[in-house]
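Everything below concerns the one structure shown next.
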Amino acid sequence: MTRIVALDTADIRFPTSATLDGSDAMNPDPDYSAAYVRLLTDADDGLEGHAFVFTIGRGNDVQVAAIRALESHLVGREVEPLLADMGTTNRALAGDSQLRWLGPEKGVMHMAIGAVVNALWDLKAKRAGLPLWQLLSRMSPEELVALVDFRHLGNALSPADALALLEAAVPGRGAREAELLATGYPAYTTTPGWLGYSDEKLARLCREAIADGFGQIKLKVGADLDDDIRRFRVAREVCGPDFPIAIDANQRWEVAEAIAWVNALAPFSPAWIEEPTSPDDVLGHAEIARGVAPIRVATGEHAHNRIMFKQFLQADALAVMQIDAVRVAGVNENIANLLLAAKFGVPVCPHAGGVGLCEAVQHLSMFDFVALSGTREGRMIEYVDHLHEHFVTPTDVRGGVYHAPLTPGTGMEMHAESRATYAWTGAHARV
């Protein structure tokens with residue numbers, strides 16, 4: 001039997017604040033960062049499980065410490081039983097009563113659990129010789145249901161509901177996998193829209209996004225209404241009257257403020273308004289959704305867990321679900337989130353604005369298409385053109401679509417050289 005012999009962690013930070021990449025109304029100076037984890041075994045195959053939690057700088061050391069707190073759950077354990085029953089493994093990690101007290105199922109500790117769970121999935125996929133999306137898509141409906149923790153979901157989604165949704169998608173799996181491999185998964189780009197960019201840079205990047213084949217762009221808004229009107233006008237003049245342009249306030253507004261601000265931008269026809277208020281305010285989002293209709297509300301990148309998503313869906317508080325690959329407790333909980341979206345008939349357009357998030361979340365959308373929702377209509381994955389070169393298997397986005405990865409694993413493994421170069425030492429050595 002193979003055993004886990006080490007859980008290594010690292011604090012990795014990229015100085016993106018120097019160029020204002022990632023800047024928005026609430027986060028003016030982000031340094032894209034990764035609280036990184038590696039699971040090492042005593043096997044001779046050299047395979048390791050890699051994953052991370054995305055942060056934007058300070059506090060990354062706290063996230064690393066939270067990951068390290070899970071070491072006793074894994075080091076010395078046999079690998080095969082852990083990987084054979086990932087549902088039980090996930091529930092055991094999330095159910096640690098003392099660590100759970102820090103949440104429960106939210107915040108730094110929950111994201112640390114997600115990193116460890118994702119690292120185990122990375123190892124499992126590598127051992128199977130498959131990319132994660134393909135590994136999940138080829139599991140039986142019963143195996144997939146067994147991965148999900150249905151606690152606190154019973155009034156919205158039962159195991160029987162989940163099984164029915166997955167069984168309904170089985171007949172077309174092979175054809176959809178072939179279609180995905182041939183044509184990819186739609187992408188939209190946030191690259192033009194960072195709040196710190198000049199109007200000239202915004203216009204240039206809008207032109208480039210259209211030339212590159214993207215079917216939608218997204219603008220950050222919320223710092224100053226006059227600036228937002230001017231910037232939206234610039235983008236609309238470049239993109240044309242019918243090109244989809246979404247907007248993202250990154251939690252900036254009060255509820256009434258959000259309604260007034262979005263309606264002021266309504267003449268520019270926003271495709272959606274993302275995170276208009278506190279990510280915890282379910283009823284506030286519902287009020288905003290009514291107040292800005294027919295403009296859709298999108299949210300989810302800061303949703304703590306599956307229970308938050310359940311409430312947003314029950315309250316008609318979102319029309320576009322935005323899962324995040326590293327905010328919740330890993331692959332297992334995101335399968336629960338995808339099942340909830342399928343049950344409520346809501347499209348999923350994942351958040352991927354951060355280092356490594358594009359590489360990670362594409363697998364979840366591709367699994368959803370092949371084995372659950374069966375459609376790409378109205379669905380797209382966010383794309384940001386930053387830092388992909390640091391990953392062993394960088395995203396392959398061409399012609400405005402994500403081309404399905406074929407390398408075994410979750411795509412979250414970062415080059416050893418990059419990890420060493422950008423390891424945090426208390427100050428950025430270079431820009």
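Every chain in the structure tokens takes a letter, A first, then B, and so on in the order presented; its residues are numbered from 1, and the ligands are numbered from 1 following the presented order.
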Cut-off 9 Å: closest range 220-292 of chain A/range 197-212 of chain A atom pairs per residue, using only C-alpha atoms, as JSON lines:
```
{"residue": "A:Arg230", "atom": "CA", "partner": "A:Asp199", "partner_atom": "CA", "distance": 8.6}
{"residue": "A:Arg231", "atom": "CA", "partner": "A:Asp199", "partner_atom": "CA", "distance": 6.6}
{"residue": "A:Val234", "atom": "CA", "partner": "A:Ala203", "partner_atom": "CA", "distance": 6.4}
{"residue": "A:Ala235", "atom": "CA", "partner": "A:Ala203", "partner_atom": "CA", "distance": 6.2}
{"residue": "A:Glu237", "atom": "CA", "partner": "A:Ala203", "partner_atom": "CA", "distance": 8.7}
{"residue": "A:Val238", "atom": "CA", "partner": "A:Ala203", "partner_atom": "CA", "distance": 6.4}
{"residue": "A:Cys239", "atom": "CA", "partner": "A:Cys206", "partner_atom": "CA", "distance": 6.8}
```
Based on the selection just made, write C-alpha atoms of those residues as a PDB file, in the first residue's frame.
```pdb
ATOM      1  CA  ARG A 230     -17.448  56.983 -19.531  1.00  0.00           C
ATOM      2  CA  ARG A 231     -15.673  53.604 -19.520  1.00  0.00           C
ATOM      3  CA  VAL A 234     -15.705  53.561 -24.560  1.00  0.00           C
ATOM      4  CA  ALA A 235     -16.262  49.798 -24.478  1.00  0.00           C
ATOM      5  CA  GLU A 237     -18.211  52.240 -29.004  1.00  0.00           C
ATOM      6  CA  VAL A 238     -15.465  49.691 -29.649  1.00  0.00           C
ATOM      7  CA  CYS A 239     -17.580  46.547 -29.286  1.00  0.00           C
TER       8      CYS A 239
END
```
Filtered DSSP result for range 45-209 of chain A, state alpha helix (DSSP H), as a short mmCIF file (atom, residue, chain, number, x, y, z; two decimals) with C-alpha atoms, in the first residue's frame:
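Contents of selection31.cif, freshly written:
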```
data_model
loop_
_atom_site.label_atom_id
_atom_site.label_comp_id
_atom_site.auth_asym_id
_atom_site.auth_seq_id
_atom_site.Cartn_x
_atom_site.Cartn_y
_atom_site.Cartn_z
CA ASN A 60 -1.74 34.23 2.30
CA ASP A 61 0.47 33.13 5.19
CA VAL A 62 -2.67 32.57 7.30
CA GLN A 63 -4.15 30.44 4.53
CA VAL A 64 -0.95 28.39 4.34
CA ALA A 65 -1.12 27.80 8.09
CA ALA A 66 -4.71 26.59 7.75
CA ILE A 67 -3.67 24.05 5.12
CA ARG A 68 -0.85 22.89 7.37
CA GLU A 71 -1.51 17.54 8.01
CA SER A 72 -2.50 15.04 10.72
CA HIS A 73 -5.51 13.95 8.66
CA LEU A 74 -3.29 12.76 5.81
CA VAL A 79 -3.55 6.55 -0.32
CA GLU A 80 -5.78 3.95 -1.91
CA PRO A 81 -8.66 4.05 0.64
CA LEU A 82 -8.63 7.85 0.60
CA LEU A 83 -8.90 8.03 -3.17
CA ALA A 84 -11.32 5.11 -3.53
CA MET A 86 -13.56 10.57 -1.95
CA GLY A 87 -17.00 11.25 -0.52
CA THR A 88 -16.03 9.84 2.85
CA THR A 89 -12.63 11.53 2.65
CA ASN A 90 -14.22 14.90 1.98
CA ARG A 91 -16.74 14.54 4.79
CA ALA A 92 -14.02 13.49 7.25
CA LEU A 93 -11.96 16.59 6.50
CA ALA A 94 -14.93 18.97 6.61
CA SER A 97 -15.20 19.12 15.02
CA GLN A 98 -12.45 21.38 16.38
CA LEU A 99 -11.50 22.90 13.02
CA ARG A 100 -15.17 23.09 12.04
CA GLY A 107 -13.69 30.95 5.54
CA VAL A 108 -10.00 30.19 5.71
CA MET A 109 -10.36 26.69 7.14
CA HIS A 110 -12.97 25.61 4.62
CA MET A 111 -10.80 26.81 1.74
CA ALA A 112 -7.85 24.93 3.23
CA ILE A 113 -9.96 21.78 3.20
CA GLY A 114 -10.75 22.52 -0.43
CA ALA A 115 -7.05 22.73 -1.26
CA VAL A 116 -6.35 19.36 0.31
CA VAL A 117 -9.38 17.76 -1.34
CA ASN A 118 -8.35 19.19 -4.71
CA ALA A 119 -4.80 17.90 -4.22
CA LEU A 120 -6.21 14.42 -3.60
CA TRP A 121 -8.28 14.70 -6.78
CA ASP A 122 -5.15 15.79 -8.64
CA LEU A 123 -3.37 12.67 -7.42
CA LYS A 124 -6.38 10.47 -8.23
CA ALA A 125 -6.65 11.83 -11.77
CA LYS A 126 -2.93 11.47 -12.39
CA ARG A 127 -3.04 7.86 -11.19
CA ALA A 128 -5.96 7.22 -13.54
CA LEU A 132 -10.12 15.64 -14.01
CA TRP A 133 -13.06 16.54 -16.27
CA GLN A 134 -12.79 13.21 -18.06
CA LEU A 135 -12.33 11.22 -14.85
CA LEU A 136 -15.50 12.72 -13.38
CA SER A 137 -17.47 12.44 -16.63
CA PRO A 141 -24.24 8.48 -11.54
CA GLU A 142 -24.16 6.45 -8.34
CA GLU A 143 -20.45 7.13 -7.86
CA LEU A 144 -20.99 10.85 -8.40
CA VAL A 145 -23.89 11.03 -5.95
CA ALA A 146 -21.72 9.32 -3.34
CA LEU A 147 -19.25 12.22 -3.57
CA PRO A 159 -29.78 12.20 -3.45
CA ALA A 160 -32.68 10.89 -5.54
CA ASP A 161 -32.94 14.25 -7.34
CA ALA A 162 -29.21 14.23 -8.03
CA LEU A 163 -29.28 10.66 -9.29
CA ALA A 164 -32.13 11.45 -11.67
CA LEU A 165 -30.31 14.47 -13.10
CA LEU A 166 -27.14 12.49 -13.68
CA GLU A 167 -28.91 9.44 -15.09
CA ALA A 168 -30.79 11.64 -17.57
CA ALA A 169 -27.45 12.83 -18.97
CA ARG A 173 -22.11 11.45 -22.64
CA GLY A 174 -19.98 9.97 -25.42
CA ALA A 175 -21.25 12.34 -28.08
CA ARG A 176 -20.81 15.38 -25.85
CA GLU A 177 -17.28 14.37 -24.90
CA ALA A 178 -16.40 14.09 -28.58
CA GLU A 179 -18.06 17.45 -29.26
CA LEU A 180 -16.14 19.07 -26.41
CA LEU A 181 -12.85 17.70 -27.68
CA ALA A 182 -13.65 18.97 -31.17
CA THR A 183 -15.01 22.43 -30.40
CA ASP A 199 -9.42 54.39 -21.38
CA GLU A 200 -6.87 53.85 -24.14
CA LYS A 201 -5.84 50.50 -22.72
CA LEU A 202 -9.49 49.53 -22.24
CA ALA A 203 -10.29 50.32 -25.87
CA ARG A 204 -7.24 48.46 -27.16
CA LEU A 205 -7.98 45.37 -25.09
CA CYS A 206 -11.63 45.40 -26.18
CA ARG A 207 -10.53 45.36 -29.81
CA GLU A 208 -8.10 42.54 -29.09
CA ALA A 209 -10.76 40.52 -27.25
#
```
Exercise for the section: Between A:Ala416, A:Leu7, A:Ile217, A:Ala325, single out the one closest to Phe243 in chain A, counting only C-alpha atoms. Expected result: A:Ile217
Problem - Every residue of range 46-248 of chain A that DSSP places in strand (DSSP E), as a PyMOL selection string - result: chain A and resi 49-55+185-193+217-220+245-248
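The residue set within 10 Å of Arg296 in chain A, counting only C-alpha atoms and dropping same-chain residues fewer than 4 places from it, reads Ala246, Pro270, Ala271, Trp272, Ile273, Glu274, Ile288, Ala289, Arg290, Val292, Ala317, Leu318, Ala319 and Val320 of chain A.
The nearest approach to Leu70 in chain A among the residues A:Glu254, A:Glu287, A:Glu105, A:Asp8, with only C-alpha atoms taken into account, belongs to A:Asp8.
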Which residues of range 213-297 of chain A have any atom within 12 Å of an atom in range 401-414 of chain A when counting only C-alpha atoms, and what is the closest pair of atoms for each, with the distance in Å to one decimal? Order the rows by chain and rising number and write it as CSV.
```
residue,atom,partner,partner_atom,distance
A:Gly213,CA,A:Val401,CA,7.9
A:Phe214,CA,A:Val401,CA,7.3
A:Gly215,CA,A:Val401,CA,9.1
A:Gln216,CA,A:Val401,CA,11.3
```
Writer output for current selection, N, CA and C atoms, as a CSV table (one decimal), in the first residue's frame:
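As written to disk, selection_7.csv reads:
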```
chain,number,residue,atom,x,y,z
A,213,GLY,N,-11.8,36.4,-30.7
A,213,GLY,CA,-12.9,35.5,-30.8
A,213,GLY,C,-13.8,35.4,-29.5
A,214,PHE,N,-13.5,36.2,-28.5
A,214,PHE,CA,-14.4,36.1,-27.3
A,214,PHE,C,-15.8,36.6,-27.6
A,215,GLY,N,-16.8,36.0,-27.0
A,215,GLY,CA,-18.1,36.3,-27.2
A,215,GLY,C,-18.7,37.3,-26.2
A,216,GLN,N,-17.9,37.7,-25.2
A,216,GLN,CA,-18.3,38.6,-24.1
A,216,GLN,C,-17.1,39.1,-23.4
```
If you count only C-alpha atoms, which residues fall within 12 Å of Thr425 in chain A, apart from same-chain ones fewer than 6 positions away, as a short mmCIF file (atom, residue, chain, number, x, y, z; two decimals) with C-alpha atoms, in the first residue's frame?
```cif
data_model
loop_
_atom_site.label_atom_id
_atom_site.label_comp_id
_atom_site.auth_asym_id
_atom_site.auth_seq_id
_atom_site.Cartn_x
_atom_site.Cartn_y
_atom_site.Cartn_z
CA ALA A 10 4.25 27.29 0.22
CA ASP A 11 3.33 30.99 0.26
CA ILE A 12 3.56 32.16 -3.37
CA ARG A 13 2.83 35.74 -4.42
CA PHE A 14 2.98 37.48 -7.79
CA ASP A 61 0.47 33.13 5.19
#
```
